[in-house]
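Dropping entry.cif in here (mmCIF, N, CA and C atoms):
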```cif
data_query
loop_
_atom_site.label_atom_id
_atom_site.label_comp_id
_atom_site.auth_asym_id
_atom_site.auth_seq_id
_atom_site.Cartn_x
_atom_site.Cartn_y
_atom_site.Cartn_z
N MET A 43 8.80 22.86 -13.56
CA MET A 43 8.16 21.71 -14.14
C MET A 43 6.75 22.10 -14.56
N THR A 44 6.35 21.63 -15.71
CA THR A 44 5.01 21.92 -16.20
C THR A 44 4.10 20.71 -16.01
N GLU A 45 2.82 20.93 -16.16
CA GLU A 45 1.83 19.87 -16.05
C GLU A 45 2.11 18.75 -17.04
N SER A 46 2.62 19.09 -18.21
CA SER A 46 2.91 18.07 -19.23
C SER A 46 4.10 17.19 -18.85
N ASP A 47 4.92 17.64 -17.90
CA ASP A 47 6.07 16.85 -17.45
C ASP A 47 5.67 15.78 -16.42
N LEU A 48 4.52 15.93 -15.82
CA LEU A 48 4.11 15.03 -14.75
C LEU A 48 3.99 13.56 -15.17
N PRO A 49 3.36 13.26 -16.31
CA PRO A 49 3.25 11.84 -16.68
C PRO A 49 4.63 11.16 -16.81
N ALA A 50 5.59 11.85 -17.37
CA ALA A 50 6.93 11.27 -17.51
C ALA A 50 7.57 11.08 -16.13
N LEU A 51 7.38 12.04 -15.25
CA LEU A 51 7.93 11.95 -13.90
C LEU A 51 7.28 10.79 -13.14
N ARG A 52 5.95 10.67 -13.27
CA ARG A 52 5.25 9.56 -12.63
C ARG A 52 5.74 8.21 -13.15
N ALA A 53 5.92 8.13 -14.47
CA ALA A 53 6.39 6.88 -15.07
C ALA A 53 7.77 6.51 -14.56
N ARG A 54 8.65 7.49 -14.47
CA ARG A 54 9.99 7.22 -13.94
C ARG A 54 9.92 6.74 -12.49
N ALA A 55 9.07 7.40 -11.71
CA ALA A 55 8.91 7.02 -10.30
C ALA A 55 8.36 5.60 -10.18
N GLU A 56 7.37 5.27 -11.00
CA GLU A 56 6.77 3.94 -10.97
C GLU A 56 7.74 2.86 -11.44
N ASN A 57 8.73 3.24 -12.21
CA ASN A 57 9.74 2.29 -12.68
C ASN A 57 10.93 2.19 -11.74
N GLY A 58 10.79 2.76 -10.54
CA GLY A 58 11.82 2.59 -9.53
C GLY A 58 12.86 3.68 -9.45
N ASP A 59 12.67 4.79 -10.14
CA ASP A 59 13.61 5.91 -10.09
C ASP A 59 13.35 6.70 -8.80
N ASP A 60 14.20 6.45 -7.79
CA ASP A 60 14.01 7.10 -6.49
C ASP A 60 14.11 8.62 -6.57
N GLU A 61 14.96 9.11 -7.43
CA GLU A 61 15.10 10.56 -7.60
C GLU A 61 13.80 11.16 -8.14
N ALA A 62 13.20 10.49 -9.10
CA ALA A 62 11.93 10.96 -9.65
C ALA A 62 10.83 10.90 -8.60
N LEU A 63 10.84 9.85 -7.79
CA LEU A 63 9.85 9.72 -6.73
C LEU A 63 9.98 10.85 -5.71
N ASP A 64 11.20 11.12 -5.30
CA ASP A 64 11.44 12.22 -4.37
C ASP A 64 10.99 13.55 -4.97
N GLU A 65 11.28 13.74 -6.24
CA GLU A 65 10.88 14.98 -6.92
C GLU A 65 9.36 15.09 -7.00
N LEU A 66 8.70 13.97 -7.26
CA LEU A 66 7.24 13.96 -7.34
C LEU A 66 6.61 14.30 -5.99
N ILE A 67 7.16 13.73 -4.92
CA ILE A 67 6.66 14.02 -3.57
C ILE A 67 6.89 15.49 -3.24
N GLU A 68 8.07 15.99 -3.54
CA GLU A 68 8.37 17.39 -3.26
C GLU A 68 7.44 18.33 -4.03
N LEU A 69 7.22 18.02 -5.29
CA LEU A 69 6.34 18.84 -6.12
C LEU A 69 4.90 18.82 -5.59
N ALA A 70 4.42 17.62 -5.27
CA ALA A 70 3.06 17.49 -4.74
C ALA A 70 2.91 18.24 -3.43
N THR A 71 3.93 18.18 -2.59
CA THR A 71 3.90 18.89 -1.32
C THR A 71 3.85 20.39 -1.54
N GLU A 72 4.72 20.89 -2.41
CA GLU A 72 4.76 22.33 -2.69
C GLU A 72 3.44 22.83 -3.25
N GLN A 73 2.78 22.00 -4.06
CA GLN A 73 1.52 22.41 -4.68
C GLN A 73 0.31 22.09 -3.80
N GLY A 74 0.56 21.43 -2.68
CA GLY A 74 -0.55 21.06 -1.81
C GLY A 74 -1.46 20.03 -2.44
N ASP A 75 -0.89 19.16 -3.28
CA ASP A 75 -1.66 18.18 -4.04
C ASP A 75 -1.88 16.92 -3.19
N MET A 76 -2.95 16.95 -2.40
CA MET A 76 -3.24 15.81 -1.53
C MET A 76 -3.57 14.56 -2.32
N ASN A 77 -4.17 14.70 -3.48
CA ASN A 77 -4.50 13.52 -4.28
C ASN A 77 -3.25 12.77 -4.72
N GLU A 78 -2.25 13.51 -5.16
CA GLU A 78 -0.99 12.87 -5.59
C GLU A 78 -0.29 12.23 -4.40
N LEU A 79 -0.24 12.95 -3.28
CA LEU A 79 0.39 12.39 -2.09
C LEU A 79 -0.37 11.16 -1.60
N ARG A 80 -1.69 11.22 -1.66
CA ARG A 80 -2.53 10.08 -1.25
C ARG A 80 -2.25 8.87 -2.14
N ARG A 81 -2.15 9.10 -3.43
CA ARG A 81 -1.88 8.01 -4.37
C ARG A 81 -0.55 7.34 -4.05
N LEU A 82 0.47 8.16 -3.80
CA LEU A 82 1.79 7.63 -3.49
C LEU A 82 1.82 6.95 -2.12
N ALA A 83 1.16 7.56 -1.15
CA ALA A 83 1.11 6.98 0.20
C ALA A 83 0.36 5.64 0.18
N ASP A 84 -0.75 5.60 -0.55
CA ASP A 84 -1.52 4.36 -0.65
C ASP A 84 -0.73 3.27 -1.36
N GLY A 85 0.25 3.68 -2.16
CA GLY A 85 1.14 2.73 -2.82
C GLY A 85 2.27 2.26 -1.93
N GLY A 86 2.30 2.75 -0.69
CA GLY A 86 3.29 2.29 0.27
C GLY A 86 4.47 3.21 0.49
N ASN A 87 4.45 4.42 -0.06
CA ASN A 87 5.57 5.33 0.12
C ASN A 87 5.43 6.09 1.43
N SER A 88 6.32 5.82 2.38
CA SER A 88 6.22 6.44 3.70
C SER A 88 6.53 7.94 3.66
N GLY A 89 7.40 8.36 2.76
CA GLY A 89 7.69 9.79 2.62
C GLY A 89 6.47 10.57 2.18
N ALA A 90 5.73 10.00 1.23
CA ALA A 90 4.50 10.65 0.77
C ALA A 90 3.46 10.66 1.89
N ALA A 91 3.41 9.56 2.66
CA ALA A 91 2.46 9.50 3.78
C ALA A 91 2.78 10.58 4.81
N ASP A 92 4.07 10.74 5.11
CA ASP A 92 4.47 11.78 6.07
C ASP A 92 4.07 13.17 5.59
N GLN A 93 4.29 13.44 4.32
CA GLN A 93 3.92 14.75 3.77
C GLN A 93 2.41 14.93 3.75
N LEU A 94 1.68 13.85 3.45
CA LEU A 94 0.22 13.91 3.45
C LEU A 94 -0.31 14.21 4.85
N ILE A 95 0.28 13.57 5.85
CA ILE A 95 -0.12 13.82 7.24
C ILE A 95 0.15 15.27 7.62
N GLU A 96 1.32 15.75 7.25
CA GLU A 96 1.67 17.14 7.55
C GLU A 96 0.68 18.11 6.91
N LEU A 97 0.37 17.87 5.64
CA LEU A 97 -0.56 18.74 4.92
C LEU A 97 -1.97 18.64 5.52
N ALA A 98 -2.41 17.43 5.81
CA ALA A 98 -3.75 17.23 6.40
C ALA A 98 -3.83 17.92 7.76
N THR A 99 -2.76 17.82 8.55
CA THR A 99 -2.73 18.47 9.85
C THR A 99 -2.82 19.98 9.70
N GLU A 100 -2.03 20.54 8.78
CA GLU A 100 -2.06 21.99 8.55
C GLU A 100 -3.44 22.46 8.13
N ARG A 101 -4.14 21.64 7.35
CA ARG A 101 -5.47 22.01 6.85
C ARG A 101 -6.58 21.64 7.81
N GLY A 102 -6.24 20.92 8.88
CA GLY A 102 -7.27 20.47 9.81
C GLY A 102 -8.17 19.41 9.20
N ASP A 103 -7.63 18.63 8.27
CA ASP A 103 -8.40 17.61 7.56
C ASP A 103 -8.46 16.33 8.39
N MET A 104 -9.39 16.30 9.34
CA MET A 104 -9.52 15.16 10.24
C MET A 104 -9.95 13.91 9.50
N ASP A 105 -10.73 14.05 8.44
CA ASP A 105 -11.16 12.87 7.68
C ASP A 105 -9.95 12.16 7.06
N GLU A 106 -9.01 12.92 6.52
CA GLU A 106 -7.82 12.31 5.93
C GLU A 106 -6.96 11.67 7.01
N LEU A 107 -6.82 12.34 8.14
CA LEU A 107 -6.05 11.75 9.23
C LEU A 107 -6.71 10.48 9.73
N ARG A 108 -8.04 10.48 9.84
CA ARG A 108 -8.77 9.27 10.24
C ARG A 108 -8.55 8.15 9.24
N ARG A 109 -8.61 8.47 7.95
CA ARG A 109 -8.43 7.47 6.90
C ARG A 109 -7.05 6.81 7.03
N LEU A 110 -6.04 7.64 7.24
CA LEU A 110 -4.68 7.11 7.38
C LEU A 110 -4.53 6.32 8.68
N ALA A 111 -5.13 6.81 9.75
CA ALA A 111 -5.07 6.09 11.02
C ALA A 111 -5.76 4.74 10.89
N ASP A 112 -6.89 4.70 10.20
CA ASP A 112 -7.61 3.44 9.98
C ASP A 112 -6.77 2.43 9.21
N ARG A 113 -5.84 2.93 8.40
CA ARG A 113 -4.95 2.05 7.64
C ARG A 113 -3.72 1.66 8.45
N GLY A 114 -3.70 2.08 9.71
CA GLY A 114 -2.62 1.67 10.60
C GLY A 114 -1.46 2.64 10.71
N ASN A 115 -1.63 3.85 10.19
CA ASN A 115 -0.54 4.82 10.27
C ASN A 115 -0.50 5.44 11.67
N ALA A 116 0.55 5.10 12.41
CA ALA A 116 0.68 5.56 13.80
C ALA A 116 0.85 7.07 13.90
N THR A 117 1.53 7.66 12.94
CA THR A 117 1.73 9.12 12.98
C THR A 117 0.40 9.84 12.81
N ALA A 118 -0.45 9.35 11.93
CA ALA A 118 -1.78 9.96 11.76
C ALA A 118 -2.60 9.81 13.03
N THR A 119 -2.50 8.66 13.67
CA THR A 119 -3.20 8.44 14.94
C THR A 119 -2.70 9.43 15.99
N ASP A 120 -1.38 9.60 16.06
CA ASP A 120 -0.82 10.57 17.01
C ASP A 120 -1.33 11.97 16.75
N GLN A 121 -1.42 12.35 15.48
CA GLN A 121 -1.92 13.69 15.13
C GLN A 121 -3.38 13.85 15.55
N LEU A 122 -4.17 12.79 15.38
CA LEU A 122 -5.57 12.85 15.83
C LEU A 122 -5.65 13.03 17.34
N ILE A 123 -4.84 12.30 18.06
CA ILE A 123 -4.85 12.40 19.52
C ILE A 123 -4.37 13.78 19.96
N THR A 124 -3.30 14.26 19.37
CA THR A 124 -2.79 15.60 19.70
C THR A 124 -3.85 16.66 19.42
N GLY A 125 -4.50 16.53 18.27
CA GLY A 125 -5.56 17.48 17.92
C GLY A 125 -6.71 17.42 18.90
N THR A 126 -7.03 16.23 19.37
CA THR A 126 -8.11 16.06 20.34
C THR A 126 -7.76 16.74 21.65
N VAL A 127 -6.55 16.50 22.13
CA VAL A 127 -6.12 17.10 23.39
C VAL A 127 -6.16 18.62 23.29
N LEU A 128 -5.59 19.16 22.22
CA LEU A 128 -5.58 20.61 22.04
C LEU A 128 -6.99 21.17 21.95
N HIS A 129 -7.84 20.46 21.22
CA HIS A 129 -9.23 20.91 21.08
C HIS A 129 -9.94 20.91 22.42
N CYS A 130 -9.71 19.86 23.20
CA CYS A 130 -10.34 19.77 24.52
C CYS A 130 -9.85 20.88 25.44
N GLN A 131 -8.55 21.14 25.38
CA GLN A 131 -8.01 22.21 26.23
C GLN A 131 -8.57 23.56 25.82
N HIS A 132 -8.65 23.78 24.52
CA HIS A 132 -9.14 25.06 24.01
C HIS A 132 -10.62 25.25 24.31
N SER A 133 -11.39 24.20 24.15
CA SER A 133 -12.84 24.30 24.30
C SER A 133 -13.32 24.02 25.71
N ASN A 134 -12.41 23.54 26.57
CA ASN A 134 -12.76 23.21 27.95
C ASN A 134 -13.92 22.23 28.01
N TYR A 135 -13.84 21.17 27.19
CA TYR A 135 -14.89 20.15 27.18
C TYR A 135 -15.03 19.44 28.52
N ALA A 136 -13.97 19.44 29.32
CA ALA A 136 -14.06 18.76 30.61
C ALA A 136 -15.19 19.33 31.46
N SER A 137 -15.46 20.61 31.28
CA SER A 137 -16.51 21.23 32.09
C SER A 137 -17.90 20.74 31.72
N VAL A 138 -18.04 20.12 30.55
CA VAL A 138 -19.35 19.57 30.17
C VAL A 138 -19.33 18.05 30.16
N GLY A 139 -18.31 17.45 30.77
CA GLY A 139 -18.28 16.00 30.94
C GLY A 139 -17.71 15.21 29.79
N VAL A 140 -17.07 15.84 28.82
CA VAL A 140 -16.46 15.12 27.71
C VAL A 140 -14.98 14.98 28.02
N THR A 141 -14.49 13.74 28.03
CA THR A 141 -13.09 13.51 28.37
C THR A 141 -12.23 13.42 27.12
N VAL A 142 -10.94 13.57 27.31
CA VAL A 142 -10.00 13.41 26.21
C VAL A 142 -10.12 12.01 25.64
N ALA A 143 -10.26 11.01 26.50
CA ALA A 143 -10.37 9.62 26.04
C ALA A 143 -11.60 9.44 25.15
N SER A 144 -12.73 10.02 25.54
CA SER A 144 -13.94 9.86 24.72
C SER A 144 -13.81 10.61 23.40
N MET A 145 -13.18 11.77 23.42
CA MET A 145 -12.95 12.51 22.17
C MET A 145 -12.00 11.75 21.26
N THR A 146 -10.96 11.13 21.83
CA THR A 146 -10.01 10.35 21.05
C THR A 146 -10.70 9.18 20.40
N ARG A 147 -11.54 8.48 21.17
CA ARG A 147 -12.30 7.35 20.60
C ARG A 147 -13.19 7.83 19.46
N TRP A 148 -13.83 8.97 19.63
CA TRP A 148 -14.70 9.50 18.59
C TRP A 148 -13.90 9.84 17.34
N LEU A 149 -12.77 10.51 17.50
CA LEU A 149 -11.97 10.92 16.35
C LEU A 149 -11.40 9.73 15.59
N THR A 150 -11.02 8.70 16.29
CA THR A 150 -10.43 7.54 15.63
C THR A 150 -11.48 6.52 15.24
N GLY A 151 -12.74 6.78 15.59
CA GLY A 151 -13.82 5.89 15.22
C GLY A 151 -13.82 4.59 16.00
N LYS A 152 -13.16 4.57 17.15
CA LYS A 152 -13.07 3.37 17.98
C LYS A 152 -13.87 3.59 19.26
N SER A 153 -15.06 3.07 19.27
CA SER A 153 -15.96 3.25 20.42
C SER A 153 -15.53 2.46 21.62
#
```

Can you dump the structure from the file as structure tokens?
Amino acid sequence: MTESDLPALRARAENGDDEALDELIELATEQGDMNELRRLADGGNSGAADQLIELATERGDMDELRRLADRGNATATDQLITGTVLHCQHSNYASVGVTVASMTRWLTGKS
């Protein structure tokens, strides 16, 4: 698929063509196109949201995970918590008085 094919694919997807939508998500995932996945996820597509979370997690993009968690995405919240636990274990924050709970609150922006 070429760049010039994208507008037609997007139009088909927006007109309810599930096959085109799946193809668009797959293409965006393969290309690492977070903007396209974000656009589709923000439009309510859970498959695009899942791929966006996976890509954000792979890239360590905590801001994107926070954004999705703030919109109520439980999977993004889980990824933030998992990342916090792993980070705490790796960095041994417990030895300086920082708890997993406090790191989780910080990452999710919930004081």

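Atom C of Ala50 of chain A to atom CA of Glu106 of chain A spans 26.9 Å [interatomic distance, one decimal].
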
Practice task
Tell me which protein, DNA and RNA residues are within 7 Å of Leu82 of chain A, counting only N, CA and C atoms, leaving out same-chain ones fewer than 6 positions away, and put them as a ChimeraX atom specification.
Solution key: /A:88,90-91

Fill in the blank from the handout: re atom C of Asp47 of chain A and atom CA of Arg101 of chain A: distance 26.5 Å

Practice task
Kindly resolve the PyMOL selection byres (((chain A and resi 65 and name CA) around 12) and name CA) on the present coordinates and return the residues as JSON, numbers by chain.
Solution key: {"A": [43, 47, 48, 50, 51, 52, 54, 55, 59, 60, 61, 62, 63, 64, 66, 67, 68, 69, 70, 71, 72, 79, 89, 90]}

For Ala118 of chain A, work out the shell of residues within 7 Å, counting only C-alpha atoms and skipping chain neighbours fewer than 5 positions away, then give it as a PDB file with N, CA and C atoms, in the frame of the given file.
```
ATOM      1  N   ILE A  95       0.280  13.570   5.850  1.00  0.00           N
ATOM      2  CA  ILE A  95      -0.120  13.820   7.240  1.00  0.00           C
ATOM      3  C   ILE A  95       0.150  15.270   7.620  1.00  0.00           C
ATOM      4  N   LEU A 107      -6.820  12.340   8.140  1.00  0.00           N
ATOM      5  CA  LEU A 107      -6.050  11.750   9.230  1.00  0.00           C
ATOM      6  C   LEU A 107      -6.710  10.480   9.730  1.00  0.00           C
ATOM      7  N   LEU A 110      -6.040   7.640   7.240  1.00  0.00           N
ATOM      8  CA  LEU A 110      -4.680   7.110   7.380  1.00  0.00           C
ATOM      9  C   LEU A 110      -4.530   6.320   8.680  1.00  0.00           C
ATOM     10  N   ALA A 111      -5.130   6.810   9.750  1.00  0.00           N
ATOM     11  CA  ALA A 111      -5.070   6.090  11.020  1.00  0.00           C
ATOM     12  C   ALA A 111      -5.760   4.740  10.890  1.00  0.00           C
TER      13      ALA A 111
END
```

Exercise for the section: Considering only C-alpha atoms, return as a PyMOL selection string whatever protein or nucleic-acid residues lie within 10 Å of Ala98 of chain A, sequence-local ones (same chain, fewer than 5 positions apart) excluded. Expected result: chain A and resi 74+76+92-93+103-107+118+121

Kindly save the residues from that selection, with N, CA and C atoms included, as a CSV table (one decimal), in the coordinates of the input.
```
chain,number,residue,atom,x,y,z
A,74,GLY,N,0.6,21.4,-2.7
A,74,GLY,CA,-0.6,21.1,-1.8
A,74,GLY,C,-1.5,20.0,-2.4
A,76,MET,N,-3.0,17.0,-2.4
A,76,MET,CA,-3.2,15.8,-1.5
A,76,MET,C,-3.6,14.6,-2.3
A,92,ASP,N,4.1,10.7,5.1
A,92,ASP,CA,4.5,11.8,6.1
A,92,ASP,C,4.1,13.2,5.6
A,93,GLN,N,4.3,13.4,4.3
A,93,GLN,CA,3.9,14.8,3.8
A,93,GLN,C,2.4,14.9,3.8
A,103,ASP,N,-7.6,18.6,8.3
A,103,ASP,CA,-8.4,17.6,7.6
A,103,ASP,C,-8.5,16.3,8.4
A,104,MET,N,-9.4,16.3,9.3
A,104,MET,CA,-9.5,15.2,10.2
A,104,MET,C,-10.0,13.9,9.5
A,105,ASP,N,-10.7,14.0,8.4
A,105,ASP,CA,-11.2,12.9,7.7
A,105,ASP,C,-10.0,12.2,7.1
A,106,GLU,N,-9.0,12.9,6.5
A,106,GLU,CA,-7.8,12.3,5.9
A,106,GLU,C,-7.0,11.7,7.0
A,107,LEU,N,-6.8,12.3,8.1
A,107,LEU,CA,-6.0,11.8,9.2
A,107,LEU,C,-6.7,10.5,9.7
A,118,ALA,N,-0.4,9.4,11.9
A,118,ALA,CA,-1.8,10.0,11.8
A,118,ALA,C,-2.6,9.8,13.0
A,121,GLN,N,-1.4,12.4,15.5
A,121,GLN,CA,-1.9,13.7,15.1
A,121,GLN,C,-3.4,13.8,15.6
```

Problem - Separation of atom CA of Gly85 of chain A from atom C of Asn57 of chain A, in Å and rounded to one decimal - result: 13.3 Å
